[in-house]
Amino acid sequence: MVALVPYDDRDGFIWWNGEMRPWRDANLHVLSHGLHYASAVFEGERCYDGRIFKLREHTDRLLNSARILGFELPYSADEIDAACDATLKANNLTNAYVRPIAWRGSGEMGVAAQQAGVNVAIAVWEWGAYFGVEQRMKGINLAWAKWRRPDPATAPTASKAAGLYMIGTLSKHAAMDEGADDAMMLDYKGDVAEATGANAFFVFDGELHTPTPTCFLDGITRRTVMGLAKKRQMKVVERVIKPEELPRATEAFVAGTAAEVTPIRRIGEQDFTPGQITETLMRDYEAATRAK
């Protein structure tokens, strides 16, 4: 097994409130509000051949996520975009993962934190070689999660908020303990929602179906894949999908910034056969991310 290099002990630079800090010096105080009360929002982006895919869409979502949590970022979208590009340049990377994050700081401690201050940081790191389409076509194995995506009346589900990923971590750890790769989550009503960090798609009777994102993120990759499918004249259906329907599905895959388009081989005891629609969208997405 390859040794994991801790994320706090690496070479390079991290953009921090308008300046480049040496990687190992990008530290925050233990009494930062975001650490204690999850008042943090973030984005996950990928840079392909020197260009961050859908950068402005990610930046706009970061700004909106912060507003949903009740705070404004002290930088404009143009400034954040420029900072992402500058951080890549400072680290001499052209194919990388990009992680902007914004959080309430240490100016005030308690549930109320209007005076805590808002911080923004951007880190980038090398994105290693990923499996080719042919190798990925074997698909991944998902277990069913016991935790469910919450009712939007109980949590800010339209925000990419750090706190919403707690149950994702719990679910993925449990799935890995069972020997699976990830977990498929239901929503608060018991309908199919998403994997722990990627949206889900299913093929029914040659049509592409995906759960309506009523209590989880309408992912940027999700929308991209839907657009690619429509360009191929595929019928795309957003709807409520019941778990008991899945035996009728012939193909299934997840879509997200990290996962890109990845076929699903199994969910629980239900097997799927990655097929032509999945492979077509995998190749189309790969081409879209590298289009100039």
# chains A, B, ... in the order shown; residues from 1 in each chain; ligands from 1
$ closest_atom_pairs --of "range 42-115 of chain A" --to "range 25-36 of chain A" --cutoff "12 Å" --atoms "only C-alpha atoms" --output "JSON lines"
{"residue": "A:Phe42", "atom": "CA", "partner": "A:Gly34", "partner_atom": "CA", "distance": 11.6}
{"residue": "A:Ala66", "atom": "CA", "partner": "A:Gly34", "partner_atom": "CA", "distance": 12.0}
{"residue": "A:Leu69", "atom": "CA", "partner": "A:Gly34", "partner_atom": "CA", "distance": 11.3}
{"residue": "A:Ile101", "atom": "CA", "partner": "A:Gly34", "partner_atom": "CA", "distance": 10.6}
{"residue": "A:Ala102", "atom": "CA", "partner": "A:Gly34", "partner_atom": "CA", "distance": 8.8}
{"residue": "A:Trp103", "atom": "CA", "partner": "A:Gly34", "partner_atom": "CA", "distance": 5.3}
{"residue": "A:Arg104", "atom": "CA", "partner": "A:Gly34", "partner_atom": "CA", "distance": 5.2}
{"residue": "A:Gly105", "atom": "CA", "partner": "A:Ser32", "partner_atom": "CA", "distance": 4.6}
{"residue": "A:Ser106", "atom": "CA", "partner": "A:Ser32", "partner_atom": "CA", "distance": 4.1}
{"residue": "A:Gly107", "atom": "CA", "partner": "A:Ser32", "partner_atom": "CA", "distance": 7.7}
{"residue": "A:Glu108", "atom": "CA", "partner": "A:His33", "partner_atom": "CA", "distance": 7.2}
{"residue": "A:Met109", "atom": "CA", "partner": "A:His33", "partner_atom": "CA", "distance": 6.1}
{"residue": "A:Gly110", "atom": "CA", "partner": "A:His33", "partner_atom": "CA", "distance": 7.6}
{"residue": "A:Val111", "atom": "CA", "partner": "A:His33", "partner_atom": "CA", "distance": 8.5}
{"residue": "A:Ala112", "atom": "CA", "partner": "A:His33", "partner_atom": "CA", "distance": 9.6}
{"residue": "A:Ala113", "atom": "CA", "partner": "A:His33", "partner_atom": "CA", "distance": 7.4}
{"residue": "A:Gln114", "atom": "CA", "partner": "A:His33", "partner_atom": "CA", "distance": 10.4}
{"residue": "A:Gln115", "atom": "CA", "partner": "A:His33", "partner_atom": "CA", "distance": 10.3}
$ residues_around --residues "Ile267 in chain A" --least-positions-apart "2" --cutoff "12 Å" --atoms "only C-alpha atoms" --output "PDB file with C-alpha atoms, in the first residue's frame"
ATOM      1  CA  GLY A 139     -18.110  -0.682 -12.188  1.00  0.00           C
ATOM      2  CA  ILE A 140     -18.154  -0.048  -8.445  1.00  0.00           C
ATOM      3  CA  ASN A 141     -19.969  -1.807  -5.629  1.00  0.00           C
ATOM      4  CA  LEU A 142     -22.267   0.233  -3.346  1.00  0.00           C
ATOM      5  CA  ALA A 143     -23.858  -0.726  -0.048  1.00  0.00           C
ATOM      6  CA  TRP A 144     -27.092   0.834   1.185  1.00  0.00           C
ATOM      7  CA  ALA A 145     -26.519   3.570   3.755  1.00  0.00           C
ATOM      8  CA  ALA A 175     -19.785   0.603   3.330  1.00  0.00           C
ATOM      9  CA  ALA A 180     -17.993  -2.037  -0.756  1.00  0.00           C
ATOM     10  CA  ASP A 181     -16.582   1.016  -2.523  1.00  0.00           C
ATOM     11  CA  ASP A 182     -19.198   3.531  -1.451  1.00  0.00           C
ATOM     12  CA  ALA A 183     -22.778   3.836  -0.207  1.00  0.00           C
ATOM     13  CA  MET A 184     -26.069   4.710  -1.885  1.00  0.00           C
ATOM     14  CA  MET A 185     -28.201   6.967   0.276  1.00  0.00           C
ATOM     15  CA  VAL A 192     -33.258   6.919  -3.838  1.00  0.00           C
ATOM     16  CA  GLU A 194     -27.397   9.870  -4.214  1.00  0.00           C
ATOM     17  CA  ALA A 195     -24.072   8.300  -3.312  1.00  0.00           C
ATOM     18  CA  ALA A 200     -26.909   8.827  -9.335  1.00  0.00           C
ATOM     19  CA  PHE A 202     -30.178   4.782 -13.916  1.00  0.00           C
ATOM     20  CA  PRO A 243     -35.568   1.473  -4.247  1.00  0.00           C
ATOM     21  CA  GLU A 244     -37.891  -1.332  -5.316  1.00  0.00           C
ATOM     22  CA  LEU A 246     -33.961  -0.738  -9.264  1.00  0.00           C
ATOM     23  CA  PRO A 247     -34.259  -4.381 -10.413  1.00  0.00           C
ATOM     24  CA  ALA A 249     -32.762  -0.775 -14.322  1.00  0.00           C
ATOM     25  CA  GLU A 251     -27.444   0.300 -16.164  1.00  0.00           C
ATOM     26  CA  ALA A 252     -26.481   2.621 -13.324  1.00  0.00           C
ATOM     27  CA  PHE A 253     -23.692   5.128 -12.720  1.00  0.00           C
ATOM     28  CA  VAL A 254     -22.651   7.995 -10.479  1.00  0.00           C
ATOM     29  CA  PRO A 263     -20.449   2.860 -13.637  1.00  0.00           C
ATOM     30  CA  ILE A 264     -22.143   0.991 -10.796  1.00  0.00           C
ATOM     31  CA  ARG A 265     -21.821  -2.787 -10.750  1.00  0.00           C
ATOM     32  CA  GLU A 269     -27.863  -7.265  -3.627  1.00  0.00           C
ATOM     33  CA  GLN A 270     -28.860  -5.780  -6.998  1.00  0.00           C
ATOM     34  CA  ASP A 271     -26.438  -6.234  -9.897  1.00  0.00           C
ATOM     35  CA  PHE A 272     -26.131  -3.968 -12.931  1.00  0.00           C
ATOM     36  CA  THR A 273     -24.275  -4.398 -16.198  1.00  0.00           C
TER      37      THR A 273
END
$ select_by_dssp --residues "range 60-209 of chain A" --states "strand (DSSP E or B)" --output "compact mmCIF listing (two decimals) with C-alpha atoms, in the first residue's frame"
# COMPACT_ATOMS: atom_id res chain seq x y z
CA ALA A 96 -5.20 18.97 -10.26
CA TYR A 97 -7.99 18.95 -7.72
CA VAL A 98 -9.03 22.42 -6.54
CA ARG A 99 -10.59 22.97 -3.10
CA PRO A 100 -11.92 26.46 -2.24
CA ILE A 101 -13.37 26.70 1.28
CA ALA A 102 -14.94 29.51 3.29
CA TRP A 103 -15.63 29.44 7.03
CA ARG A 104 -16.51 31.59 10.00
CA VAL A 118 -15.16 35.07 7.36
CA ASN A 119 -12.09 33.39 5.90
CA VAL A 120 -11.48 31.98 2.43
CA ALA A 121 -8.74 29.59 1.38
CA ILE A 122 -7.94 27.68 -1.80
CA ALA A 123 -5.75 24.58 -1.96
CA VAL A 124 -4.78 22.55 -5.00
CA TRP A 125 -3.02 19.24 -5.27
CA GLU A 126 -1.96 16.89 -8.00
CA ILE A 140 -18.15 -0.05 -8.45
CA ASN A 141 -19.97 -1.81 -5.63
CA LEU A 142 -22.27 0.23 -3.35
CA ALA A 143 -23.86 -0.73 -0.05
CA TRP A 144 -27.09 0.83 1.18
CA ALA A 145 -26.52 3.57 3.75
CA LYS A 146 -28.46 3.58 7.01
CA TRP A 147 -28.29 7.39 7.17
CA ARG A 148 -30.66 9.40 4.98
CA ARG A 149 -30.46 12.76 3.29
CA ALA A 161 -22.06 22.90 3.48
CA ASP A 182 -19.20 3.53 -1.45
CA ALA A 183 -22.78 3.84 -0.21
CA MET A 184 -26.07 4.71 -1.88
CA MET A 185 -28.20 6.97 0.28
CA LEU A 186 -31.96 7.32 0.47
CA ASP A 187 -33.70 10.59 1.23
CA VAL A 192 -33.26 6.92 -3.84
CA ALA A 193 -31.11 10.04 -3.37
CA GLU A 194 -27.40 9.87 -4.21
CA ALA A 195 -24.07 8.30 -3.31
CA ASN A 199 -25.30 12.02 -8.02
CA ALA A 200 -26.91 8.83 -9.33
CA PHE A 201 -28.29 7.87 -12.75
CA PHE A 202 -30.18 4.78 -13.92
CA VAL A 203 -31.20 3.43 -17.31
CA PHE A 204 -34.80 2.24 -17.60
CA GLU A 207 -34.03 6.16 -21.03
CA LEU A 208 -31.81 7.98 -18.54
CA HIS A 209 -33.47 8.55 -15.16
$ residues_around --residues "Ala291 in chain A" --least-positions-apart "6" --cutoff "10 Å" --atoms "only C-alpha atoms" --output "PyMOL selection string"
chain A and resi 48-49+51+53+285
$ residues_around --residues "range 222-232 of chain A" --least-positions-apart "5" --cutoff "12 Å" --atoms "only C-alpha atoms" --output "ChimeraX atom specification"
/A:53-54,57,194,197-203,206-213,216-217,237-238,253-257,259-262,277-289
$ closest_residue --among "A:Leu62, A:Ala153, A:Met137, A:Cys84" --to "Phe13 in chain A" --atoms "only C-alpha atoms"
A:Cys84
$ closest_residue --among "A:His173, A:Lys138, A:Lys242, A:Arg56" --to "Lys189 in chain A" --atoms "only C-alpha atoms"
A:Lys242
$ select_by_dssp --residues "range 57-275 of chain A" --states "helix (DSSP H, G or I)" --output "NGL selection string"
:A and (57-68 or 77-90 or 133-136 or 162-177 or 220-231 or 243-248)
$ atom_distance --atom1 "CA of Ile241 in chain A" --atom2 "CA of Glu178 in chain A"
24.8 Å
$ residues_around --residues "range 17-24 of chain A" --least-positions-apart "6" --cutoff "6 Å" --atoms "only C-alpha atoms" --output "PyMOL selection string"
chain A and resi 8-9+11+120
$ write_last_selection --atoms "N, CA and C atoms" --output "compact mmCIF listing (two decimals), in the first residue's frame"
# COMPACT_ATOMS: atom_id res chain seq x y z
N ASP A 8 -1.34 18.08 5.92
CA ASP A 8 -0.76 19.24 6.59
C ASP A 8 0.76 19.29 6.48
N ASP A 9 1.34 18.36 5.74
CA ASP A 9 2.80 18.28 5.67
C ASP A 9 3.23 18.06 4.22
N ASP A 11 4.66 20.17 0.42
CA ASP A 11 5.27 21.35 -0.19
C ASP A 11 4.21 22.09 -1.00
N VAL A 120 -11.42 32.75 3.68
CA VAL A 120 -11.48 31.98 2.43
C VAL A 120 -10.08 31.45 2.12
$ atom_distance --atom1 "CA of Pro152 in chain A" --atom2 "CA of Asp218 in chain A"
13.4 Å
$ atom_distance --atom1 "CA of Ser65 in chain A" --atom2 "CA of Lys172 in chain A"
23.6 Å
